[in-house]
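Let me begin by presenting the structure, written as structure tokens, before commenting on it.
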Amino acid sequence: MIGEYTNPISISALQHWGYCPRQCGLIHMEQAFEENIHTARGRAVHGLVDEPGYTIKSGVKVERALPLWSERFGLVGKADVVEFHRDSKVFPVEFKYGRKRRKVYDDLQLAAQAMCLEEMLGRPVPRGAIYHASSRRRREVDITEELRRRVAETVTEIRTMLACGVLPPPANDGRCRECSLKEICQPEAVAATAKLRKARQLLFDAEQ
């Protein structure tokens, strides 16, 4: 049990929710998952840092696969890499497949890691980075108050979904093309059914 929460939320759920709430529900509520080229490449990248341990480079201790938790938010997970600098700076680094680009859902996951580290260590964690494996470049991220607020809101939204047990509607847009769960989700079919139901309701209301 973590604080008042008997069922902690995985930190990765924030990234899934930020990308698509229905994807988050399928993975974290219905335990549905399918592999595609994007998830396979992402898994390969994380394989570089999945083995727990540490190294020391130029006086910086680099921890891999570091367990994380937050009693305040009821979160659990792990950081791909956390750097511990001589000046007491703590710097989380999340590994992602692909080229350097800003995605808010990646920033949410990183911010949640930073907030967990702050609670665990009692130190401020104002910055972190996303390491983009394809371009081999880091994108540094400020853990702003706005980003922290969005983390808290996202945790509340996920917990509400899990409590009610109802899947969010599909995005049915460009995000679906790269989603490994498209065949399970059936966004076009769900959207068509909802459209037909709405048309029937409008017809029924007109006849009253």
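Every chain in the structure tokens takes a letter, A first, then B, and so on in the order presented; its residues are numbered from 1, and the ligands are numbered from 1 following the presented order.
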Where in region 80-208 of chain A does DSSP assign strand (DSSP E or B), given as a PyMOL selection string? chain A and resi 80-84+90-96+127-132+137-142
How would the residues just picked look written out with N, CA and C atoms as an mmCIF file, in the first residue's frame?
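File selection.cif, as written:
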```cif
data_model
loop_
_atom_site.group_PDB
_atom_site.id
_atom_site.type_symbol
_atom_site.label_atom_id
_atom_site.label_comp_id
_atom_site.auth_asym_id
_atom_site.auth_seq_id
_atom_site.Cartn_x
_atom_site.Cartn_y
_atom_site.Cartn_z
ATOM 1 N N ASP A 80 14.564 5.245 -16.233
ATOM 2 C CA ASP A 80 15.587 4.620 -17.073
ATOM 3 C C ASP A 80 16.978 4.940 -16.540
ATOM 4 N N VAL A 81 17.220 6.226 -16.309
ATOM 5 C CA VAL A 81 18.517 6.685 -15.802
ATOM 6 C C VAL A 81 18.275 7.857 -14.857
ATOM 7 N N VAL A 82 19.005 7.875 -13.757
ATOM 8 C CA VAL A 82 19.036 9.056 -12.891
ATOM 9 C C VAL A 82 20.495 9.390 -12.622
ATOM 10 N N GLU A 83 20.853 10.636 -12.902
ATOM 11 C CA GLU A 83 22.215 11.106 -12.653
ATOM 12 C C GLU A 83 22.275 11.826 -11.301
ATOM 13 N N PHE A 84 23.256 11.458 -10.492
ATOM 14 C CA PHE A 84 23.489 12.108 -9.201
ATOM 15 C C PHE A 84 24.824 12.846 -9.294
ATOM 16 N N VAL A 90 20.011 16.220 -8.904
ATOM 17 C CA VAL A 90 19.424 14.941 -9.320
ATOM 18 C C VAL A 90 18.769 15.173 -10.672
ATOM 19 N N PHE A 91 19.100 14.342 -11.649
ATOM 20 C CA PHE A 91 18.703 14.614 -13.033
ATOM 21 C C PHE A 91 18.198 13.327 -13.687
ATOM 22 N N PRO A 92 16.863 13.139 -13.800
ATOM 23 C CA PRO A 92 16.325 11.944 -14.453
ATOM 24 C C PRO A 92 16.399 12.045 -15.978
ATOM 25 N N VAL A 93 16.629 10.904 -16.625
ATOM 26 C CA VAL A 93 16.706 10.844 -18.085
ATOM 27 C C VAL A 93 15.840 9.682 -18.559
ATOM 28 N N GLU A 94 14.846 9.984 -19.384
ATOM 29 C CA GLU A 94 13.955 8.967 -19.945
ATOM 30 C C GLU A 94 14.382 8.668 -21.381
ATOM 31 N N PHE A 95 14.556 7.395 -21.708
ATOM 32 C CA PHE A 95 14.963 6.982 -23.050
ATOM 33 C C PHE A 95 13.735 6.760 -23.922
ATOM 34 N N LYS A 96 13.770 7.299 -25.143
ATOM 35 C CA LYS A 96 12.689 7.120 -26.101
ATOM 36 C C LYS A 96 13.269 6.790 -27.475
ATOM 37 N N ARG A 127 14.858 19.885 -13.280
ATOM 38 C CA ARG A 127 15.072 19.599 -14.694
ATOM 39 C C ARG A 127 15.349 18.119 -14.899
ATOM 40 N N GLY A 128 15.072 17.669 -16.120
ATOM 41 C CA GLY A 128 15.411 16.320 -16.536
ATOM 42 C C GLY A 128 15.607 16.353 -18.036
ATOM 43 N N ALA A 129 15.653 15.180 -18.655
ATOM 44 C CA ALA A 129 15.866 15.142 -20.098
ATOM 45 C C ALA A 129 15.237 13.896 -20.699
ATOM 46 N N ILE A 130 14.845 14.021 -21.953
ATOM 47 C CA ILE A 130 14.445 12.895 -22.783
ATOM 48 C C ILE A 130 15.622 12.597 -23.709
ATOM 49 N N TYR A 131 16.087 11.354 -23.707
ATOM 50 C CA TYR A 131 17.156 10.952 -24.623
ATOM 51 C C TYR A 131 16.509 10.283 -25.827
ATOM 52 N N HIS A 132 16.687 10.876 -27.002
ATOM 53 C CA HIS A 132 16.103 10.358 -28.236
ATOM 54 C C HIS A 132 17.141 9.481 -28.932
ATOM 55 N N ARG A 137 20.438 12.301 -29.137
ATOM 56 C CA ARG A 137 20.472 13.648 -28.573
ATOM 57 C C ARG A 137 19.517 13.746 -27.394
ATOM 58 N N ARG A 138 19.885 14.584 -26.462
ATOM 59 C CA ARG A 138 19.022 14.857 -25.317
ATOM 60 C C ARG A 138 18.176 16.106 -25.572
ATOM 61 N N ARG A 139 16.979 16.074 -25.032
ATOM 62 C CA ARG A 139 16.144 17.277 -25.003
ATOM 63 C C ARG A 139 15.844 17.577 -23.542
ATOM 64 N N GLU A 140 16.429 18.626 -23.023
ATOM 65 C CA GLU A 140 16.222 18.955 -21.620
ATOM 66 C C GLU A 140 14.834 19.541 -21.406
ATOM 67 N N VAL A 141 14.252 19.222 -20.258
ATOM 68 C CA VAL A 141 12.876 19.618 -19.937
ATOM 69 C C VAL A 141 12.860 20.289 -18.575
ATOM 70 N N ASP A 142 12.302 21.489 -18.505
ATOM 71 C CA ASP A 142 12.076 22.162 -17.222
ATOM 72 C C ASP A 142 10.830 21.566 -16.574
#
```
Closest atom pairs, residues of region 3-109 of chain A within 9 Å of region 119-126 of chain A, only C-alpha atoms, as JSON lines:
```
{"residue": "A:Leu68", "atom": "CA", "partner": "A:Met120", "partner_atom": "CA", "distance": 7.9}
{"residue": "A:Trp69", "atom": "CA", "partner": "A:Met120", "partner_atom": "CA", "distance": 7.4}
{"residue": "A:Ser70", "atom": "CA", "partner": "A:Glu119", "partner_atom": "CA", "distance": 6.5}
{"residue": "A:Glu71", "atom": "CA", "partner": "A:Glu119", "partner_atom": "CA", "distance": 8.2}
{"residue": "A:Arg72", "atom": "CA", "partner": "A:Glu119", "partner_atom": "CA", "distance": 8.2}
{"residue": "A:Ser88", "atom": "CA", "partner": "A:Arg123", "partner_atom": "CA", "distance": 8.3}
{"residue": "A:Lys89", "atom": "CA", "partner": "A:Val125", "partner_atom": "CA", "distance": 7.3}
{"residue": "A:Val90", "atom": "CA", "partner": "A:Val125", "partner_atom": "CA", "distance": 5.9}
{"residue": "A:Phe91", "atom": "CA", "partner": "A:Val125", "partner_atom": "CA", "distance": 6.7}
{"residue": "A:Pro92", "atom": "CA", "partner": "A:Val125", "partner_atom": "CA", "distance": 8.3}
```
Any chance you can output those residues with C-alpha atoms as a CSV table (one decimal), in the first residue's frame?
```csv
chain,number,residue,atom,x,y,z
A,68,LEU,CA,10.4,5.1,-8.1
A,69,TRP,CA,7.3,5.7,-6.0
A,70,SER,CA,5.1,8.5,-4.6
A,71,GLU,CA,2.9,8.1,-1.6
A,72,ARG,CA,1.4,11.5,-2.3
A,88,SER,CA,23.6,17.3,-5.2
A,89,LYS,CA,21.8,17.8,-8.5
A,90,VAL,CA,19.4,14.9,-9.3
A,91,PHE,CA,18.7,14.6,-13.0
A,92,PRO,CA,16.3,11.9,-14.5
```
What is the CA of Leu147 (chain A)-CA of Ala133 (chain A) distance in Å, reported with one decimal? 23.6 Å
Coordinates-based distance that separates CA of Pro8 (chain A) from CA of Gly74 (chain A) (Å, one decimal):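 According to the coordinates, CA of Gly74 (chain A) and CA of Pro8 (chain A) are separated by 4.7 Å.
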